[in-house]
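The structure appears right after this line, and notes come after that.
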There are 2 protein chains.
Amino acid sequence: MNMSKKGATVKIEDVAARANVSIMSVSRAIRGVEGVSEKTRAKILKIARQMKYVPNSNARSLAVANSNLIGISLPTFAGEVFGDILSGMRRTFDLAGYSSVIDTTEYSPEAELNWVRRLLSWQPAAIILTGLDHKPETIDLLETAPIPVLEIWEHTDHPIDICVGVDHHKAGQMIGQHALDLGYRQPAFVSAPRGHDTRADARLAGLRDVFSRATSTAVLSARPASGNSFATGFEGTAALLDGDAPDIICYLNDHMAFGGLMCCQARGLSVPQDIGIAGFNELDLASVLPKKLTTIRTLRRQMGVTGATHLLARINGAQVERTKLQPLEMIPGETTRTQSRLP
Amino acid sequence: MNMSKKGATVKIEDVAARANVSIMSVSRAIRGVEGVSEKTRAKILKIARQMKYVPNSNARSLAVANSNLIGISLPTFAGEVFGDILSGMRRTFDLAGYSSVIDTTEYSPEAELNWVRRLLSWQPAAIILTGLDHKPETIDLLETAPIPVLEIWEHTDHPIDICVGVDHHKAGQMIGQHALDLGYRQPAFVSAPRGHDTRADARLAGLRDVFSRATSTAVLSARPASGNSFATGFEGTAALLDGDAPDIICYLNDHMAFGGLMCCQARGLSVPQDIGIAGFNELDLASVLPKKLTTIRTLRRQMGVTGATHLLARINGAQVERTKLQPLEMIPGETTRTQSRLP
DNA sequence: ACAATGAACGTTAGCGTTAACGTAATAACG
DNA sequence: CGTTATTACGTTAACGCTAACGTTCATTGT
């Protein structure tokens with residue numbers, strides 16, 4: 001039944017014939033450039049619409065040797081974090097007439113490389129990668145490619161081309177300092193089960209940094225292999241509580257922190273009396289919790305907009321800051337002590 | 001500093017010259033088709049790699065009049081639902097050598113139409129839309145396009161081309177019947193704030209269906225305009241509790257149901273003693289809640305895989321079922337009564 | 001020994017579009 | 001009124017690649 005749908009591809013030539021004009025007039029009319037009178041332009045557009053003419057972008061991109069595609073590579077769609085960054089970027093690109101092509105690498109630099117290669121074959125206008133952890137080949141490919149490259153989410157002084165992000169090491173230090181100030185002495189960190197998440201590593205390092213400087217306690221850590229963030233937080237917490245009894249647990253994000261809260265609740269521990277809980281990213285979930293979650297605010301949507309804007313400027317050849325550091329904001333909540341309790 | 005990166009685009013011709021063979025031999029070697037000896041193929045591939053040759057997909061697609069792109073249109077990236085469907089599809093397409101180009105419409109049929117038009121200009125191999133609510137122009141465009149079209153997430157007997165999805169009206173009925181069986185008599189429904197979500201409407205209709213048949217009570221409903229699902233659930237619940245005192249509240253999804261739970265908790269209502277709460281979609285969050293959430297399981301990842309598989313078969317000209325109904329599973333939990341309490 | 005076969009390569013002619021230039025007709029101007 | 005701009009088109013030659021044939025040369029069968 002209706003197996004092969006007919007493919008009467010109508011091309012610019014067909015429209016030109018039907019309108020009694022040259023191919024070029026149709027091309028000009030469609031693109032909205034100068035060179036046709038308003039009268040014939042209207043006629044051509046009407047006929048094109050009637051014939052359901054759809055321009056062939058492959059031919060166009062081949063002829064002009066570029067496209068209005070911008071490739072965006074994210075680790076994952078799961079969780080709100082990258083969705084927020086993405087939505088900020090997409091709207092900005094849309095308004096500027098660019099289409100975005102999105103891919104997720106699932107935290108694999110190899111997958112990223114493959115995707116970069118495939119994407120480059122489409123002659124994109126620019127390319128966006130998440131973070132700074134790329135294969136040497138990827139960097140090599142992008143450094144010689146004639147297009148702007150944006151690295152987003154992490155910050156460095158030496159990007160491939162330009163970058164916009166936060167300092168994850170500093171984020172770890174901020175949480176650590178906050179915990180230290182409140183008198184916590186045995187911190188722990190619950191990280192993601194996945195492969196290469198250098199942001200997690202950086203935050204843990206920042207946390208360790210503060211505590212090793214101030215005290216002699218080692219920061220405990222758990223890295224359970226669960227199916228989702230909530231479960232990861234729950235299980236990581238369970239593992240830590242079975243071990244060396246931390247007095248505060250920091251999590252990779254608020255979802256994991258919520259899993260941790262649920263674990264504490266299941267074990268009859270009260271937060272923050274018995275243990276402190278700190279998240280990261282200030283996610284939507286936090287807005288309905290009875291107890292305000294201690295977390296760090298990252299302006300992800302804003303970061304997306306800034307990144308996209310810088311990239312567009314770069315595409316247009318304007319001078320832009322090569323790197324842009326987004327600020328972090330510590331949000332003290334009720335899942336950690338509100339007052340210092342010095343030993 | 002380093003403003004314009006040099007664009008020494010190396011083309012197939014350059015590789016051919018350097019390897020002392022014809023352009024066609026390079027083309028054949030790169031694509032892995034017959035017509036070159038293994039020896040020269042190896043030589044060519046080595047040189048191509050050295051020269052960092054990246055094929056031009058625009059030229060290729062123009063020459064062969066198609067591409068290996070599959071366009072996927074989703075309402076949003078927010079929430080796990082569409083991400084799950086997506087991940088099921090993407091893996092399947094990747095394995096088959098297709099690239100997916102994703103777009104989100106934010107529930108706007110106009111945005112969908114614009115995207116379909118843009119996408120068709122890239123000569124994609126197939127196109128996927130979420131749901132059945134499209135502009136007439138969109139349907140018209142896709143019916144004449146020479147490519148397969150998959151409608152996913154909702155089910156109908158009359159798809160544009162093929163479809164895979166669940167029956168959302170039935171889902172509403174299932175929740176309704178479950179509530180009715182447990183003795184609930186005054187149900188309410190909290191829906192999404194957004195525009196066109198026909199799935200929400202269908203589920204509410206199913207719920208109404210059951211209750212209008214069995215009792216004379218009207219189903220209450222709330223549709224608050226909040227920034228995120230959790231807050232929507234919270235606020236919708238607050239509005240309902242301020243009004244006609246429902247004995248069970250059903251939500252568009254588990255995230256909203258959690259918001260509702262938090263609202264009840266804030267008001268000192270115990271669940272399920274004072275009020276019943278039912279979600280939808282069985283989301284990750286539910287796995288860590290102390291009280292098992294009453295919900296309906298939708299096999300979204302599985303749906304993505306099935307949809308993708310059917311679509312690939314259709315691309316390859318195979319006979320496939322035009323429509324496929326995914327089953328729903330009622331998951332009774334502890335946020336509704338576990339036993340009927342007849343009036 | 002000699003046509004017939006086939007593997008390994010090369011040549012030609014597009015794919016649908018646009019940049020760059022060419023041309024005709026009209027308007028502007030001293 | 002003749003020259004020069006200006007506007008509104010049309011023509012030609014790419015863009016980088018591949019399908020569809022050609023060509024060459026070593027095998028093979030009889």
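Here, A, B, ... name the chains of the structure tokens in the order displayed, residue numbers run from 1 inside each chain, and ligands are numbered from 1 in the same displayed order.
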DSSP on the backbone: what in region 91-300 of chain B comes out helix (DSSP H, G or I), as a ChimeraX atom specification?
/B:91-95,109-120,136-144,168-181,198-214,229-242,254-266,284-288,300
Please save C-alpha atoms of the selected residues as a compact mmCIF listing (two decimals), in the first residue's frame.
```txt
# COMPACT_ATOMS: atom_id res chain seq x y z
CA ARG B 91 21.70 4.37 18.55
CA THR B 92 19.72 2.45 15.96
CA PHE B 93 20.40 5.00 13.26
CA ASP B 94 24.07 5.32 14.14
CA LEU B 95 24.57 1.60 13.76
CA PRO B 109 3.26 23.57 14.75
CA GLU B 110 4.49 26.64 12.92
CA ALA B 111 8.02 26.02 14.13
CA GLU B 112 7.63 22.43 13.03
CA LEU B 113 6.58 23.48 9.55
CA ASN B 114 9.52 25.81 9.19
CA TRP B 115 11.88 23.11 10.27
CA VAL B 116 10.38 20.53 7.92
CA ARG B 117 10.87 22.94 5.07
CA ARG B 118 14.49 23.62 5.98
CA LEU B 119 15.20 19.97 6.53
CA LEU B 120 13.71 18.86 3.22
CA PRO B 136 -2.01 21.00 6.95
CA GLU B 137 0.89 22.45 4.98
CA THR B 138 3.32 20.22 6.84
CA ILE B 139 1.31 17.13 6.02
CA ASP B 140 0.96 18.21 2.43
CA LEU B 141 4.68 18.78 2.11
CA LEU B 142 5.53 15.41 3.60
CA GLU B 143 2.97 13.47 1.63
CA THR B 144 4.51 14.56 -1.63
CA HIS B 168 -2.82 8.57 25.38
CA HIS B 169 -6.61 8.55 25.60
CA LYS B 170 -6.40 5.01 26.85
CA ALA B 171 -3.75 6.07 29.34
CA GLY B 172 -6.19 8.57 30.77
CA GLN B 173 -8.83 5.86 30.95
CA MET B 174 -6.43 3.49 32.71
CA ILE B 175 -5.63 6.03 35.40
CA GLY B 176 -9.31 6.85 35.68
CA GLN B 177 -10.38 3.24 35.99
CA HIS B 178 -7.68 2.60 38.55
CA ALA B 179 -8.87 5.56 40.60
CA LEU B 180 -12.47 4.52 40.25
CA ASP B 181 -11.72 0.98 41.37
CA THR B 198 -2.45 17.16 22.48
CA ARG B 199 -1.22 14.25 24.58
CA ALA B 200 -2.20 16.10 27.74
CA ASP B 201 -5.62 16.81 26.28
CA ALA B 202 -6.09 13.19 25.25
CA ARG B 203 -5.22 11.90 28.68
CA LEU B 204 -7.56 14.33 30.39
CA ALA B 205 -10.28 13.31 27.94
CA GLY B 206 -9.71 9.64 28.77
CA LEU B 207 -9.94 10.39 32.45
CA ARG B 208 -13.15 12.36 31.97
CA ASP B 209 -14.47 9.56 29.82
CA VAL B 210 -14.28 7.01 32.61
CA PHE B 211 -15.67 9.25 35.30
CA SER B 212 -18.52 10.68 33.28
CA ARG B 213 -19.58 7.16 32.36
CA ALA B 214 -19.46 5.88 35.94
CA SER B 229 7.41 20.78 35.61
CA PHE B 230 8.08 20.53 39.33
CA ALA B 231 6.77 24.02 39.98
CA THR B 232 3.83 23.41 37.68
CA GLY B 233 2.86 20.36 39.70
CA PHE B 234 3.25 22.26 42.94
CA GLU B 235 1.25 25.25 41.86
CA GLY B 236 -1.43 23.30 40.08
CA THR B 237 -1.93 21.27 43.22
CA ALA B 238 -2.11 24.38 45.35
CA ALA B 239 -4.77 25.82 43.07
CA LEU B 240 -6.81 22.63 43.20
CA LEU B 241 -6.56 22.29 46.96
CA ASP B 242 -7.77 25.85 47.35
CA ASP B 254 6.01 12.06 37.41
CA HIS B 255 7.92 15.30 37.78
CA MET B 256 4.71 17.23 38.14
CA ALA B 257 3.37 14.56 40.48
CA PHE B 258 6.42 15.07 42.66
CA GLY B 259 5.72 18.78 42.73
CA GLY B 260 2.23 17.85 43.86
CA LEU B 261 3.57 15.60 46.58
CA MET B 262 5.69 18.43 47.89
CA CYS B 263 2.71 20.75 47.90
CA CYS B 264 0.67 18.24 49.91
CA GLN B 265 3.53 17.81 52.31
CA ALA B 266 3.85 21.58 52.73
CA ASP B 284 13.95 8.22 36.96
CA LEU B 285 13.09 10.38 39.95
CA ALA B 286 10.56 7.77 41.10
CA SER B 287 13.32 5.26 41.73
CA VAL B 288 14.49 7.06 44.88
CA ARG B 300 10.02 5.09 25.59
```
Once you count only C-alpha atoms (C1' of nucleotides), which residues of chain A turn out to be within 10 Å of chain C? Could you give them as a list in words?
Lys11, Ile12, Glu13, Ile23, Met24, Ser27, Arg28, Pro55, Asn56, Ser57, Asn58, Ala59, Arg60, Ser61, Leu62, Ala63 and Val64 of chain A
Would you mind listing, for every residue of chain D within 9 Å of chain B, the two atoms forming the shortest contact and the distance between them in Å to one decimal, using only C-alpha atoms (C1' of nucleotides), sorted by chain and ascending residue number, as CSV?
```
residue,atom,partner,partner_atom,distance
D:DC15,C1',B:Ala59,CA,7.9
D:DG16,C1',B:Ala59,CA,5.0
D:DC17,C1',B:Ala59,CA,4.9
D:DT18,C1',B:Ala63,CA,5.8
D:DA19,C1',B:Val64,CA,8.4
```
Mind giving me the straight-line distance from CA of Gly88 (chain B) to CA of Pro75 (chain B) in Å, one decimal?
16.6 Å
Residues within 10 Å of Thr156 (chain A), please, as number ranges by chain. Count only C-alpha atoms (C1' of nucleotides); anything in the same chain fewer than 2 positions from it doesn't count.
A: 131-132, 151-152, 154, 158-160, 162-167, 322-325
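Between CA of Gln186 (chain B) and CA of Gly243 (chain B) lies a distance of 12.0 Å.
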If DSSP is run on the backbone, what residues of region 142-257 of chain B are strand (DSSP E or B)? A reply as an MDAnalysis selection string would be ideal.
chainID B and resid 149:154 162:166 187:190 220:222 248:251
Grab the residues selected above and save them as a compact mmCIF listing (two decimals), in the first residue's frame with N, CA and C atoms.
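Contents of result-v2.txt, freshly written:
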```txt
# COMPACT_ATOMS: atom_id res chain seq x y z
N VAL B 149 8.20 8.87 6.38
CA VAL B 149 7.91 9.76 7.51
C VAL B 149 7.40 8.92 8.68
N LEU B 150 8.00 9.14 9.84
CA LEU B 150 7.55 8.42 11.04
C LEU B 150 6.94 9.40 12.03
N GLU B 151 5.74 9.08 12.49
CA GLU B 151 5.16 9.86 13.59
C GLU B 151 5.29 9.02 14.85
N ILE B 152 5.91 9.60 15.87
CA ILE B 152 6.19 8.81 17.07
C ILE B 152 5.51 9.40 18.30
N TRP B 153 5.30 8.56 19.29
CA TRP B 153 4.78 8.91 20.62
C TRP B 153 3.26 8.80 20.71
N GLU B 154 2.54 9.27 19.70
CA GLU B 154 1.09 9.06 19.69
C GLU B 154 0.75 7.98 18.67
N ILE B 162 4.12 6.21 8.42
CA ILE B 162 4.06 5.15 9.42
C ILE B 162 4.06 5.79 10.81
N CYS B 163 3.65 5.04 11.82
CA CYS B 163 3.67 5.59 13.18
C CYS B 163 3.89 4.52 14.24
N VAL B 164 4.49 4.94 15.33
CA VAL B 164 4.72 4.08 16.49
C VAL B 164 4.42 4.92 17.73
N GLY B 165 3.52 4.46 18.58
CA GLY B 165 3.22 5.26 19.76
C GLY B 165 2.25 4.60 20.71
N VAL B 166 1.91 5.31 21.74
CA VAL B 166 0.97 4.79 22.71
C VAL B 166 -0.37 5.51 22.55
N PRO B 187 -11.85 13.27 41.05
CA PRO B 187 -10.51 13.36 40.46
C PRO B 187 -10.20 14.76 39.92
N ALA B 188 -8.93 15.03 39.81
CA ALA B 188 -8.47 16.27 39.20
C ALA B 188 -7.25 15.97 38.34
N PHE B 189 -6.96 16.87 37.45
CA PHE B 189 -5.84 16.65 36.52
C PHE B 189 -5.02 17.93 36.43
N VAL B 190 -3.71 17.79 36.55
CA VAL B 190 -2.84 18.95 36.38
C VAL B 190 -2.08 18.80 35.07
N LEU B 220 -11.92 17.87 37.71
CA LEU B 220 -11.35 19.21 37.86
C LEU B 220 -10.05 19.28 37.08
N SER B 221 -9.63 20.47 36.73
CA SER B 221 -8.31 20.54 36.11
C SER B 221 -7.64 21.88 36.35
N ALA B 222 -6.31 21.82 36.36
CA ALA B 222 -5.51 23.02 36.56
C ALA B 222 -4.45 23.05 35.49
N ILE B 248 -8.28 12.74 44.50
CA ILE B 248 -7.10 12.21 43.81
C ILE B 248 -6.69 13.21 42.72
N ILE B 249 -5.39 13.41 42.58
CA ILE B 249 -4.91 14.31 41.52
C ILE B 249 -3.99 13.52 40.59
N CYS B 250 -4.30 13.60 39.30
CA CYS B 250 -3.47 12.96 38.29
C CYS B 250 -2.65 14.02 37.58
N TYR B 251 -1.43 13.66 37.21
CA TYR B 251 -0.51 14.65 36.63
C TYR B 251 -0.04 14.21 35.26
```
Selection: 9 Å around DA8 (chain D), only C-alpha atoms (C1' of nucleotides), excl. self and same-chain fewer than 3 positions, as a VMD selection string
(chain A and resid 35 to 37) or (chain C and resid 25)
A straight line from CA of Leu293 (chain A) to CA of Gly333 (chain A) spans 4.8 Å
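Using only C-alpha atoms for every distance, the candidate list B:Arg18, B:Arg185, B:Arg297, B:Arg90 yields B:Arg90 as the residue closest to chain A.
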